[in-house]
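This is structure_2.cif (mmCIF, C-alpha atoms and all ligand atoms).
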data_query
loop_
_atom_site.label_atom_id
_atom_site.label_comp_id
_atom_site.auth_asym_id
_atom_site.auth_seq_id
_atom_site.Cartn_x
_atom_site.Cartn_y
_atom_site.Cartn_z
CA MET V 27 -18.00 10.05 -14.30
CA VAL V 28 -14.41 10.95 -13.33
CA GLU V 29 -15.54 14.57 -12.99
CA ARG V 30 -18.07 13.44 -10.35
CA VAL V 31 -15.32 11.61 -8.46
CA ILE V 32 -13.07 14.69 -8.58
CA ASP V 33 -15.93 16.81 -7.33
CA TRP V 34 -16.63 14.42 -4.41
CA LEU V 35 -12.95 14.26 -3.44
CA GLU V 36 -12.46 18.04 -3.63
CA LYS V 37 -15.59 18.75 -1.57
CA ASN V 38 -14.20 16.45 1.09
CA LEU V 39 -11.15 18.67 1.54
CA SER V 40 -13.29 21.17 3.49
CA ASN V 41 -14.17 18.61 6.14
CA CYS V 42 -11.75 15.86 5.37
CA ARG V 43 -12.81 12.29 5.95
CA LEU V 44 -10.89 10.85 3.01
CA CYS V 45 -8.92 8.44 5.19
CA PRO V 46 -9.81 6.38 8.28
CA LEU V 47 -8.46 9.04 10.65
CA SER V 48 -11.48 11.08 9.56
CA CYS V 49 -10.05 14.17 11.25
CA GLY V 50 -12.68 16.54 9.77
CA VAL V 51 -10.15 19.31 9.15
CA ASP V 52 -10.81 22.08 6.64
CA ARG V 53 -7.64 21.61 4.66
CA HIS V 54 -8.04 25.05 3.03
CA HIS V 55 -7.08 26.52 6.40
CA ARG V 56 -4.67 24.00 7.83
CA PRO V 57 -3.20 20.60 7.02
CA GLY V 58 -4.84 17.50 8.43
CA THR V 59 -3.20 14.98 10.76
CA CYS V 60 -1.51 13.59 7.65
CA GLY V 61 0.34 16.89 7.19
CA VAL V 62 -1.14 17.68 3.76
CA GLY V 63 -3.27 20.71 2.85
CA VAL V 64 -4.86 21.53 -0.50
CA ARG V 65 -1.85 21.08 -2.78
CA PRO V 66 0.03 17.89 -3.65
CA LYS V 67 3.20 17.55 -1.60
CA LEU V 68 6.06 15.48 -3.01
CA SER V 69 9.32 14.07 -1.70
CA SER V 70 10.69 12.80 -5.01
CA VAL V 71 9.87 11.67 -8.53
CA ILE V 72 12.10 8.92 -9.92
CA LEU V 73 12.33 5.83 -12.09
CA HIS V 74 12.40 3.04 -9.50
CA PHE V 75 13.98 -0.30 -10.42
CA GLY V 76 13.50 -2.08 -7.08
CA GLU V 77 9.76 -2.71 -7.05
CA GLU V 78 8.28 -6.13 -7.85
CA PRO V 79 9.45 -7.26 -11.33
CA PRO V 80 6.17 -6.65 -13.20
CA ILE V 81 5.84 -3.20 -11.66
CA SER V 82 9.38 -1.99 -12.43
CA GLY V 83 9.96 -4.01 -15.60
CA GLU V 84 13.17 -3.26 -17.48
CA THR V 85 12.56 0.44 -17.71
CA GLY V 86 11.57 1.24 -14.14
CA ALA V 87 8.42 2.18 -12.29
CA GLY V 88 7.67 5.89 -12.70
CA THR V 89 7.47 6.60 -9.01
CA VAL V 90 6.02 9.60 -7.25
CA PHE V 91 6.84 9.58 -3.53
CA PHE V 92 4.28 11.75 -1.78
CA SER V 93 4.94 13.54 1.50
CA GLY V 94 2.61 13.17 4.44
CA CYS V 95 1.08 10.02 5.83
CA ASN V 96 -1.87 9.00 7.95
CA MET V 97 0.22 6.46 9.89
CA ARG V 98 3.02 7.15 12.35
CA CYS V 99 5.22 4.05 12.09
CA ILE V 100 8.08 4.39 14.57
CA TYR V 101 10.41 2.58 12.13
CA CYS V 102 9.49 4.58 8.99
CA GLN V 103 12.46 4.95 6.63
CA ASN V 104 10.99 8.13 5.17
CA MET V 105 10.24 9.80 8.50
CA ASN V 106 11.42 13.24 7.37
CA PHE V 107 8.89 13.29 4.54
CA SER V 108 6.11 11.15 5.96
CA GLN V 109 5.92 12.66 9.43
CA LYS V 110 8.20 15.69 9.73
CA GLY V 111 6.68 17.81 6.99
CA LEU V 112 9.52 17.89 4.45
CA GLY V 113 8.43 17.99 0.84
CA ILE V 114 7.72 20.33 -2.03
CA GLU V 115 4.24 21.56 -2.79
CA VAL V 116 3.28 21.63 -6.45
CA SER V 117 0.08 22.40 -8.32
CA THR V 118 -2.19 19.65 -9.63
CA GLN V 119 -1.24 20.77 -13.15
CA GLU V 120 2.45 20.26 -12.30
CA LEU V 121 1.67 16.83 -10.86
CA ALA V 122 0.05 15.91 -14.18
CA GLU V 123 3.22 17.12 -15.96
CA PHE V 124 5.30 14.78 -13.77
CA PHE V 125 3.06 11.86 -14.78
CA LEU V 126 3.57 12.72 -18.44
CA ASP V 127 7.35 13.15 -17.97
CA LEU V 128 7.59 9.70 -16.39
CA GLN V 129 5.74 8.21 -19.33
CA GLN V 130 8.04 10.07 -21.70
CA SER V 131 11.06 8.65 -19.82
CA GLY V 132 9.91 5.10 -20.62
CA ALA V 133 8.41 4.15 -17.24
CA LYS V 134 6.49 0.89 -17.27
CA THR V 135 3.95 1.99 -14.69
CA LEU V 136 2.97 5.04 -12.67
CA ASN V 137 3.74 4.10 -9.05
CA LEU V 138 2.03 6.38 -6.52
CA VAL V 139 3.60 5.89 -3.09
CA THR V 140 1.59 6.87 0.03
CA PRO V 141 -1.29 8.21 -2.04
CA ALA V 142 -4.10 8.48 0.58
CA PRO V 143 -3.58 12.09 1.79
CA ASN V 144 -3.07 13.22 -1.82
CA VAL V 145 -5.82 11.20 -3.46
CA ALA V 146 -7.94 14.21 -4.51
CA PHE V 147 -5.01 15.73 -6.42
CA ILE V 148 -3.95 12.40 -7.92
CA VAL V 149 -7.33 11.74 -9.53
CA LYS V 150 -7.50 15.25 -10.97
CA ALA V 151 -3.91 15.11 -12.25
CA LEU V 152 -4.63 11.75 -13.90
CA PHE V 153 -7.65 13.28 -15.59
CA ILE V 154 -5.53 16.16 -16.93
CA ALA V 155 -2.69 13.85 -18.01
CA ARG V 156 -5.04 11.37 -19.73
CA GLU V 157 -6.50 14.18 -21.83
CA ARG V 158 -2.92 14.62 -23.08
CA GLY V 159 -2.27 10.96 -23.90
CA PHE V 160 -1.17 9.50 -20.57
CA ASN V 161 -1.83 5.75 -20.59
CA LEU V 162 0.46 3.98 -18.11
CA PRO V 163 -1.03 1.45 -15.67
CA VAL V 164 -1.69 3.27 -12.39
CA VAL V 165 -0.26 1.60 -9.28
CA TYR V 166 -1.76 2.66 -5.95
CA ASN V 167 1.08 1.85 -3.53
CA THR V 168 -0.57 1.99 -0.12
CA SER V 169 -0.28 1.04 3.55
CA SER V 170 -3.89 -0.18 3.22
CA TYR V 171 -4.89 2.20 6.00
CA GLU V 172 -7.57 3.46 3.65
CA ASP V 173 -11.19 4.50 3.85
CA VAL V 174 -13.47 2.11 1.93
CA GLU V 175 -15.79 4.93 0.75
CA THR V 176 -12.82 6.74 -0.78
CA LEU V 177 -11.49 3.54 -2.33
CA ARG V 178 -14.87 2.89 -4.00
CA ARG V 179 -14.41 6.16 -5.90
CA LEU V 180 -11.15 4.80 -7.40
CA GLU V 181 -12.82 1.92 -9.24
CA GLY V 182 -11.84 2.16 -12.91
CA ILE V 183 -9.13 4.75 -12.13
CA VAL V 184 -6.58 2.52 -10.36
CA ASP V 185 -5.25 -0.50 -12.26
CA ILE V 186 -3.01 -2.12 -9.66
CA TYR V 187 -3.24 -2.01 -5.89
CA LEU V 188 0.21 -2.66 -4.39
CA ALA V 189 -0.98 -2.85 -0.83
CA ASP V 190 0.81 -3.53 2.45
CA LEU V 191 -0.66 -5.68 5.14
CA ARG V 192 1.59 -4.80 8.06
CA TYR V 193 0.01 -6.45 11.06
CA ALA V 194 -2.75 -8.93 11.65
CA ASP V 195 -4.18 -7.23 14.74
CA ASP V 196 -5.06 -3.75 15.92
CA GLU V 197 -2.91 -3.79 19.05
CA THR V 198 0.39 -4.02 17.14
CA GLY V 199 -0.73 -1.18 14.86
CA ARG V 200 -1.44 0.94 17.93
CA LYS V 201 1.99 0.25 19.33
CA TYR V 202 4.19 0.59 16.28
CA SER V 203 2.18 2.74 13.84
CA LYS V 204 0.13 4.88 16.25
CA VAL V 205 -3.22 4.19 14.63
CA PRO V 206 -6.09 2.76 16.66
CA ASN V 207 -7.52 0.14 14.30
CA TYR V 208 -4.99 -0.91 11.66
CA PHE V 209 -6.10 -4.47 10.96
CA SER V 210 -9.82 -3.73 11.29
CA VAL V 211 -9.46 -0.99 8.66
CA ALA V 212 -6.88 -2.59 6.36
CA SER V 213 -8.70 -5.92 6.16
CA LYS V 214 -11.86 -4.20 4.88
CA ALA V 215 -9.85 -1.98 2.53
CA LEU V 216 -8.13 -5.03 1.03
CA VAL V 217 -11.46 -6.79 0.50
CA GLU V 218 -12.63 -3.70 -1.43
CA MET V 219 -9.43 -3.51 -3.51
CA HIS V 220 -9.79 -7.20 -4.36
CA ARG V 221 -13.43 -6.71 -5.30
CA GLN V 222 -12.43 -3.96 -7.75
CA VAL V 223 -9.49 -5.52 -9.53
CA GLY V 224 -9.14 -9.20 -8.49
CA PRO V 225 -5.75 -10.90 -8.11
CA PHE V 226 -2.87 -9.32 -10.04
CA ASP V 227 -2.60 -10.52 -13.63
CA GLU V 228 0.56 -9.49 -15.46
CA LYS V 229 -0.98 -9.87 -18.92
CA ARG V 230 -3.71 -7.36 -18.11
CA MET V 231 -1.44 -5.28 -15.81
CA LYS V 232 -4.31 -5.15 -13.39
CA GLY V 233 -5.08 -6.52 -9.95
CA LEU V 234 -4.05 -6.70 -6.32
CA ILE V 235 -0.61 -7.57 -4.94
CA VAL V 236 -0.24 -7.71 -1.15
CA ARG V 237 3.08 -6.81 0.43
CA HIS V 238 4.18 -7.87 3.88
CA LEU V 239 7.24 -6.65 5.78
CA VAL V 240 8.46 -9.31 8.20
CA LEU V 241 9.27 -7.83 11.62
CA PRO V 242 11.47 -9.38 14.34
CA ASN V 243 10.03 -11.72 16.95
CA ASP V 244 6.87 -12.46 14.96
CA VAL V 245 5.59 -9.01 15.87
CA ALA V 246 3.60 -8.63 12.67
CA LYS V 247 2.16 -12.13 13.14
CA SER V 248 3.16 -12.93 9.62
CA GLN V 249 1.48 -16.32 9.40
CA ARG V 250 -1.87 -14.78 10.31
CA VAL V 251 -1.30 -12.13 7.61
CA LEU V 252 -0.79 -14.90 5.06
CA ASP V 253 -3.87 -16.73 6.34
CA PHE V 254 -5.89 -13.57 5.76
CA ILE V 255 -4.64 -13.27 2.18
CA TYR V 256 -5.26 -16.91 1.43
CA PHE V 257 -8.59 -17.44 3.16
CA CYS V 258 -10.26 -14.03 3.09
CA LEU V 259 -9.02 -12.66 -0.25
CA SER V 260 -7.96 -15.41 -2.62
CA PRO V 261 -5.16 -17.98 -2.95
CA SER V 262 -4.48 -16.34 -6.34
CA VAL V 263 -3.48 -12.96 -4.88
CA PRO V 264 0.33 -12.72 -5.21
CA VAL V 265 2.18 -11.85 -2.06
CA SER V 266 5.47 -9.97 -1.84
CA ILE V 267 7.31 -10.90 1.34
CA MET V 268 9.87 -8.30 2.31
CA SER V 269 12.97 -8.76 4.44
CA GLN V 270 14.43 -5.26 4.49
CA TYR V 271 13.19 -4.17 7.91
CA ASN V 272 15.71 -1.78 9.44
CA PRO V 273 15.22 -0.49 13.00
CA VAL V 274 15.54 3.26 12.58
CA PHE V 275 14.24 6.27 14.50
CA GLY V 276 11.98 5.23 17.41
CA ALA V 277 12.50 1.53 16.73
CA GLN V 278 16.24 1.66 17.47
CA THR V 279 15.79 1.37 21.21
CA ASP V 280 12.68 -0.78 21.18
CA PRO V 281 13.37 -4.02 23.08
CA VAL V 282 11.32 -6.10 20.63
CA ILE V 283 11.80 -4.60 17.17
CA GLY V 284 15.17 -2.91 17.78
CA ARG V 285 17.04 -5.36 15.56
CA ARG V 286 16.94 -6.64 11.98
CA ILE V 287 15.10 -9.88 11.30
CA LYS V 288 17.02 -13.14 11.38
CA LYS V 289 17.40 -15.29 8.29
CA ASN V 290 15.38 -18.10 9.84
CA GLU V 291 12.53 -15.73 10.74
CA TYR V 292 12.24 -14.72 7.10
CA GLU V 293 12.55 -18.31 5.89
CA ARG V 294 9.78 -19.46 8.22
CA VAL V 295 7.41 -16.94 6.70
CA ILE V 296 8.37 -17.93 3.14
CA ASP V 297 7.92 -21.61 4.01
CA TYR V 298 4.47 -20.94 5.38
CA ALA V 299 3.45 -19.02 2.24
CA LEU V 300 4.68 -21.92 0.12
CA LYS V 301 2.84 -24.46 2.23
CA LEU V 302 -0.36 -22.50 1.80
CA GLY V 303 0.24 -22.45 -1.95
CA LEU V 304 0.62 -18.69 -2.34
CA ASN V 305 2.61 -17.27 -5.26
CA GLY V 306 4.58 -14.06 -5.32
CA TRP V 307 8.01 -12.67 -4.61
CA MET V 308 10.64 -12.96 -1.91
CA GLN V 309 13.85 -11.00 -1.49
CA THR V 310 17.33 -12.44 -1.92
CA ASP V 311 20.26 -11.47 0.32
CA GLU V 312 21.01 -8.61 -2.11
CA LYS V 313 17.41 -7.46 -1.52
CA LYS V 314 16.42 -8.28 -5.08
CA ARG V 315 12.88 -9.53 -5.45
CA VAL V 316 12.63 -12.99 -6.99
CA THR V 317 9.59 -15.03 -7.82
CA VAL V 318 8.52 -17.84 -5.52
CA ARG V 319 6.07 -20.51 -6.48
CA PRO V 320 4.96 -23.37 -4.27
CA VAL V 321 6.41 -26.69 -5.33
CA SER V 322 3.43 -28.52 -3.98
CA SER V 323 0.53 -27.51 -1.86
CA THR V 324 1.01 -29.50 1.31
CA TYR V 325 -1.82 -27.71 3.05
CA LYS V 326 -5.14 -29.36 2.45
CA ILE V 327 -7.72 -26.64 2.50
CA ILE V 328 -11.08 -27.69 3.76
CA GLU V 329 -14.11 -25.46 3.75
CA LYS V 330 -14.52 -25.69 7.52
CA MET V 331 -11.06 -24.24 7.99
CA ARG V 332 -11.71 -21.48 5.50
CA SER V 333 -14.96 -20.35 7.09
CA ARG V 334 -13.43 -20.47 10.56
CA ALA V 335 -10.57 -18.26 9.37
CA VAL V 336 -12.93 -15.82 7.66
CA LYS V 337 -15.07 -15.60 10.80
CA GLU V 338 -12.05 -14.92 12.97
CA LEU V 339 -10.26 -12.49 10.67
CA LEU V 340 -13.28 -10.65 9.27
CA PRO V 341 -15.78 -10.80 12.16
CA ASN V 342 -18.21 -8.23 10.74
CA GLN V 343 -18.62 -9.62 7.23
S1 LIG V 401 -6.46 12.47 4.60
FE1 LIG V 401 -5.41 13.78 6.10
S2 LIG V 401 -6.84 15.44 6.48
FE2 LIG V 401 -8.01 13.80 5.51
S3 LIG V 401 -8.90 12.58 7.16
FE3 LIG V 401 -6.94 11.66 6.64
S4 LIG V 401 -5.46 12.59 8.03
FE4 LIG V 401 -7.28 13.88 8.06
#

Spell out the structure here as structure tokens.
Amino acid sequence: MVERVIDWLEKNLSNCRLCPLSCGVDRHHRPGTCGVGVRPKLSSVILHFGEEPPISGETGAGTVFFSGCNMRCIYCQNMNFSQKGLGIEVSTQELAEFFLDLQQSGAKTLNLVTPAPNVAFIVKALFIARERGFNLPVVYNTSSYEDVETLRRLEGIVDIYLADLRYADDETGRKYSKVPNYFSVASKALVEMHRQVGPFDEKRMKGLIVRHLVLPNDVAKSQRVLDFIYFCLSPSVPVSIMSQYNPVFGAQTDPVIGRRIKKNEYERVIDYALKLGLNGWMQTDEKKRVTVRPVSSTYKIIEKMRSRAVKELLPNQ
């Protein structure tokens, strides 16, 4: 079964349509728009203590930061690796060794950051590592700009989807991440992730967590993002609301997102999540992630409202 998935993914490298950019490049001859060819490209491998508490645990998330990305966010903190080509190429065998080393170091999970351009190598490396006793929960830490056909192949291979939902419309994605159809693609990808694993459940170490980075001036339309999670996925999907936006690179001079978010902007988003009745994590002033739970659900959800939201946010389903 996994062998068939590996085969499908590897065949795709000759005419790559593994992500929504579908650039059709033969990666044996040149890298795709994502900047990745036919070998895994890494920026770092570390134990990461700053992810959501169940992902990092006490011993850290065994994190592999991949180079290359299919998005072009003008405010990306990892610009040198995601967009400017820095990174070290390794073999798939070496990638498997890193997975095993992280397990040996006591990591609680294997946290794969920006996996989409490297997905073919990841699945093969997992196969190799599992033959040698690798058994950590696999976290697919993604922008959600993912191809649904590719995601379907990951069923049973990925345990936890730690998935961003950056914007609630395509126009903002075009402007700030240089992709033509962010919300149209990400919304479908998230529905597929949710279908595979359901809401995150810490006991099973399985499920979907949605992350959202709050941007200044309501650019990301955060309330609409939360509506999507609540109405179109499930009220049980935990949401991690992030406050660490930092205007770097192209965002520095942008008149709208060229500043950090204000405290009250962040609080408004948290309040809305709590009113909806969503659970999850928020960040404290020290940027630690702490759990938030709604005290009471002051939003009365009626079916009419739900179906209206689904129709508006997922028009083709
Ligand atoms: S993964 Fe890379 S090469 Fe493949 S379609 Fe996406 S951008 Fe193109």

Residues near Val240 in chain V, cut-off 12 Å, only C-alpha atoms, skip fewer than 2 positions along chain, as a PyMOL selection string: chain V and resi 190-194+237-238+242-252+266-272+283+285-296+308-309

Atomic separation - CA of Asp196 in chain V relative to CA of Pro225 in chain V, Å: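 Between these atoms lies a distance of 25.1 Å.
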
Spatial neighbours of Glu84 in chain V, max dist 10 Å, all atoms listed in the file, sep filter under 2 positions, as a PyMOL selection string: chain V and resi 75+79-82+86-87+132-134

Set out as JSON lines a contact list for chain V and ligand LIG 401 (chain V) with a cut-off of 10 Å, giving each residue of chain V that qualifies its closest atom pair and distance in Å to one decimal, counting all atoms listed in the file, ordered by chain and rising residue number.
{"residue": "V:Asn38", "atom": "CA", "partner": "V:LIG401", "partner_atom": "FE2", "distance": 8.1}
{"residue": "V:Leu39", "atom": "CA", "partner": "V:LIG401", "partner_atom": "FE2", "distance": 7.0}
{"residue": "V:Ser40", "atom": "CA", "partner": "V:LIG401", "partner_atom": "S2", "distance": 9.1}
{"residue": "V:Asn41", "atom": "CA", "partner": "V:LIG401", "partner_atom": "FE2", "distance": 7.8}
{"residue": "V:Cys42", "atom": "CA", "partner": "V:LIG401", "partner_atom": "FE2", "distance": 4.3}
{"residue": "V:Arg43", "atom": "CA", "partner": "V:LIG401", "partner_atom": "S3", "distance": 4.1}
{"residue": "V:Leu44", "atom": "CA", "partner": "V:LIG401", "partner_atom": "FE2", "distance": 4.8}
{"residue": "V:Cys45", "atom": "CA", "partner": "V:LIG401", "partner_atom": "FE3", "distance": 4.0}
{"residue": "V:Pro46", "atom": "CA", "partner": "V:LIG401", "partner_atom": "FE3", "distance": 6.2}
{"residue": "V:Leu47", "atom": "CA", "partner": "V:LIG401", "partner_atom": "S3", "distance": 5.0}
{"residue": "V:Ser48", "atom": "CA", "partner": "V:LIG401", "partner_atom": "S3", "distance": 3.8}
{"residue": "V:Cys49", "atom": "CA", "partner": "V:LIG401", "partner_atom": "FE4", "distance": 4.2}
{"residue": "V:Gly50", "atom": "CA", "partner": "V:LIG401", "partner_atom": "S3", "distance": 6.1}
{"residue": "V:Val51", "atom": "CA", "partner": "V:LIG401", "partner_atom": "S2", "distance": 5.7}
{"residue": "V:Asp52", "atom": "CA", "partner": "V:LIG401", "partner_atom": "S2", "distance": 7.7}
{"residue": "V:Arg53", "atom": "CA", "partner": "V:LIG401", "partner_atom": "S2", "distance": 6.5}
{"residue": "V:Arg56", "atom": "CA", "partner": "V:LIG401", "partner_atom": "S2", "distance": 8.9}
{"residue": "V:Pro57", "atom": "CA", "partner": "V:LIG401", "partner_atom": "S2", "distance": 6.3}
{"residue": "V:Gly58", "atom": "CA", "partner": "V:LIG401", "partner_atom": "S2", "distance": 3.5}
{"residue": "V:Thr59", "atom": "CA", "partner": "V:LIG401", "partner_atom": "S4", "distance": 4.3}
{"residue": "V:Cys60", "atom": "CA", "partner": "V:LIG401", "partner_atom": "S4", "distance": 4.1}
{"residue": "V:Gly61", "atom": "CA", "partner": "V:LIG401", "partner_atom": "FE1", "distance": 6.6}
{"residue": "V:Val62", "atom": "CA", "partner": "V:LIG401", "partner_atom": "FE1", "distance": 6.2}
{"residue": "V:Gly63", "atom": "CA", "partner": "V:LIG401", "partner_atom": "S2", "distance": 7.3}
{"residue": "V:Val64", "atom": "CA", "partner": "V:LIG401", "partner_atom": "S2", "distance": 9.5}
{"residue": "V:Gly94", "atom": "CA", "partner": "V:LIG401", "partner_atom": "FE1", "distance": 8.2}
{"residue": "V:Cys95", "atom": "CA", "partner": "V:LIG401", "partner_atom": "S4", "distance": 7.4}
{"residue": "V:Asn96", "atom": "CA", "partner": "V:LIG401", "partner_atom": "S4", "distance": 5.1}
{"residue": "V:Met97", "atom": "CA", "partner": "V:LIG401", "partner_atom": "S4", "distance": 8.6}
{"residue": "V:Pro141", "atom": "CA", "partner": "V:LIG401", "partner_atom": "S1", "distance": 9.4}
{"residue": "V:Ala142", "atom": "CA", "partner": "V:LIG401", "partner_atom": "S1", "distance": 6.1}
{"residue": "V:Pro143", "atom": "CA", "partner": "V:LIG401", "partner_atom": "S1", "distance": 4.0}
{"residue": "V:Asn144", "atom": "CA", "partner": "V:LIG401", "partner_atom": "S1", "distance": 7.3}
{"residue": "V:Val145", "atom": "CA", "partner": "V:LIG401", "partner_atom": "S1", "distance": 8.2}
{"residue": "V:Ala146", "atom": "CA", "partner": "V:LIG401", "partner_atom": "S1", "distance": 9.4}
{"residue": "V:Tyr171", "atom": "CA", "partner": "V:LIG401", "partner_atom": "FE3", "distance": 9.7}
{"residue": "V:Glu172", "atom": "CA", "partner": "V:LIG401", "partner_atom": "FE3", "distance": 8.8}
{"residue": "V:Asp173", "atom": "CA", "partner": "V:LIG401", "partner_atom": "FE3", "distance": 8.8}

For CA of Cys102 in chain V and CA of Ala212 in chain V, the interatomic separation in Å (one decimal):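 About the pair CA of Cys102 in chain V and CA of Ala212 in chain V: they are 18.1 Å apart.
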
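The gap separating CA of Ala299 in chain V from CA of Arg178 in chain V is 29.2 Å, in Å to one decimal.
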
Pick from V:Asn106, V:Thr198, V:Gln119, V:Ser170, whichever lies nearest to Ile154 in chain V using all atoms listed in the file: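 Among V:Asn106, V:Thr198, V:Gln119, V:Ser170, it is V:Gln119 that comes nearest to Ile154 in chain V.
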
Minimum-distance residue to Tyr202 in chain V, chosen among V:Phe275, V:Phe125, V:Phe160, V:Trp307 (using only C-alpha atoms):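 Closest candidate: V:Phe275.
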
Proximity to Tyr256 in chain V - best of V:Val282, V:Val223, V:Leu302, V:Leu241, all atoms listed in the file: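 Of all the options, V:Leu302 lies closest to Tyr256 in chain V.
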
Shortest interatomic distance to Tyr187 in chain V - which of V:Ile114, V:Leu121, V:Leu340, V:Val265, counting all atoms listed in the file: V:Val265

Among the residues V:Gly88, V:Pro341, V:Pro66, V:Gly276, the one that comes closest to Lys201 in chain V [using only C-alpha atoms]: V:Gly276

Please provide the set of residues having any atom within 7 Å of Leu162 in chain V, restricted to only C-alpha atoms, with same-chain residues fewer than 3 positions apart removed, written as an mmCIF file with C-alpha atoms, in the coordinates of the input.
data_model
loop_
_atom_site.group_PDB
_atom_site.id
_atom_site.type_symbol
_atom_site.label_atom_id
_atom_site.label_comp_id
_atom_site.auth_asym_id
_atom_site.auth_seq_id
_atom_site.Cartn_x
_atom_site.Cartn_y
_atom_site.Cartn_z
ATOM 1 C CA GLN V 129 5.740 8.210 -19.330
ATOM 2 C CA LYS V 134 6.490 0.890 -17.270
ATOM 3 C CA THR V 135 3.950 1.990 -14.690
ATOM 4 C CA LEU V 136 2.970 5.040 -12.670
#

Which polymer residues, whether protein, DNA or RNA, lie within 8 Å of the coordinate (0.1, 9.7, -6.6) when you count only C-alpha atoms? List them as a CSV table (one decimal) with C-alpha atoms, keeping the file's coordinate frame, using the chain letters and numbers from the file.
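Here's the written file selection-v2.csv:
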chain,number,residue,atom,x,y,z
V,90,VAL,CA,6.0,9.6,-7.2
V,91,PHE,CA,6.8,9.6,-3.5
V,92,PHE,CA,4.3,11.8,-1.8
V,137,ASN,CA,3.7,4.1,-9.0
V,138,LEU,CA,2.0,6.4,-6.5
V,139,VAL,CA,3.6,5.9,-3.1
V,140,THR,CA,1.6,6.9,0.0
V,141,PRO,CA,-1.3,8.2,-2.0
V,144,ASN,CA,-3.1,13.2,-1.8
V,145,VAL,CA,-5.8,11.2,-3.5
V,147,PHE,CA,-5.0,15.7,-6.4
V,148,ILE,CA,-4.0,12.4,-7.9
V,166,TYR,CA,-1.8,2.7,-6.0

Minimum-distance residue to Ile100 in chain V, chosen among V:Arg158, V:Lys337, V:Lys204, V:His220 (using all atoms listed in the file):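 Of V:Arg158, V:Lys337, V:Lys204, V:His220, the one nearest Ile100 in chain V, counting all atoms listed in the file, is V:Lys204.
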
What would range 61-76 of chain V look like with N, CA and C atoms restored, written as a JSON list (two decimals), keeping the file's coordinate frame?
[["chain", "number", "residue", "atom", "x", "y", "z"],
["V", 61, "GLY", "N", -0.65, 15.87, 7.53],
["V", 61, "GLY", "CA", 0.34, 16.89, 7.19],
["V", 61, "GLY", "C", 0.15, 17.51, 5.81],
["V", 62, "VAL", "N", -0.94, 17.18, 5.13],
["V", 62, "VAL", "CA", -1.14, 17.68, 3.76],
["V", 62, "VAL", "C", -2.35, 18.61, 3.72],
["V", 63, "GLY", "N", -2.19, 19.74, 2.99],
["V", 63, "GLY", "CA", -3.27, 20.71, 2.85],
["V", 63, "GLY", "C", -4.02, 20.52, 1.55],
["V", 64, "VAL", "N", -4.06, 21.59, 0.74],
["V", 64, "VAL", "CA", -4.86, 21.53, -0.50],
["V", 64, "VAL", "C", -4.00, 21.52, -1.77],
["V", 65, "ARG", "N", -2.71, 21.24, -1.61],
["V", 65, "ARG", "CA", -1.85, 21.08, -2.78],
["V", 65, "ARG", "C", -1.05, 19.79, -2.62],
["V", 66, "PRO", "N", -0.77, 19.11, -3.74],
["V", 66, "PRO", "CA", 0.03, 17.89, -3.65],
["V", 66, "PRO", "C", 1.41, 18.21, -3.07],
["V", 67, "LYS", "N", 1.89, 17.34, -2.21],
["V", 67, "LYS", "CA", 3.20, 17.55, -1.60],
["V", 67, "LYS", "C", 4.07, 16.33, -1.92],
["V", 68, "LEU", "N", 5.24, 16.58, -2.51],
["V", 68, "LEU", "CA", 6.06, 15.48, -3.01],
["V", 68, "LEU", "C", 7.40, 15.41, -2.31],
["V", 69, "SER", "N", 7.93, 14.18, -2.17],
["V", 69, "SER", "CA", 9.32, 14.07, -1.70],
["V", 69, "SER", "C", 10.25, 13.78, -2.86],
["V", 70, "SER", "N", 9.86, 12.97, -3.82],
["V", 70, "SER", "CA", 10.69, 12.80, -5.01],
["V", 70, "SER", "C", 9.90, 12.14, -6.14],
["V", 71, "VAL", "N", 10.47, 12.28, -7.33],
["V", 71, "VAL", "CA", 9.87, 11.67, -8.53],
["V", 71, "VAL", "C", 11.02, 10.98, -9.26],
["V", 72, "ILE", "N", 10.96, 9.66, -9.34],
["V", 72, "ILE", "CA", 12.10, 8.92, -9.92],
["V", 72, "ILE", "C", 11.62, 7.72, -10.75],
["V", 73, "LEU", "N", 12.55, 7.16, -11.51],
["V", 73, "LEU", "CA", 12.33, 5.83, -12.09],
["V", 73, "LEU", "C", 12.88, 4.84, -11.08],
["V", 74, "HIS", "N", 12.04, 3.94, -10.60],
["V", 74, "HIS", "CA", 12.40, 3.04, -9.50],
["V", 74, "HIS", "C", 12.54, 1.62, -10.07],
["V", 75, "PHE", "N", 13.72, 1.03, -9.85],
["V", 75, "PHE", "CA", 13.98, -0.30, -10.42],
["V", 75, "PHE", "C", 13.84, -1.42, -9.39],
["V", 76, "GLY", "N", 13.50, -1.07, -8.15],
["V", 76, "GLY", "CA", 13.50, -2.08, -7.08],
["V", 76, "GLY", "C", 12.12, -2.55, -6.66]]
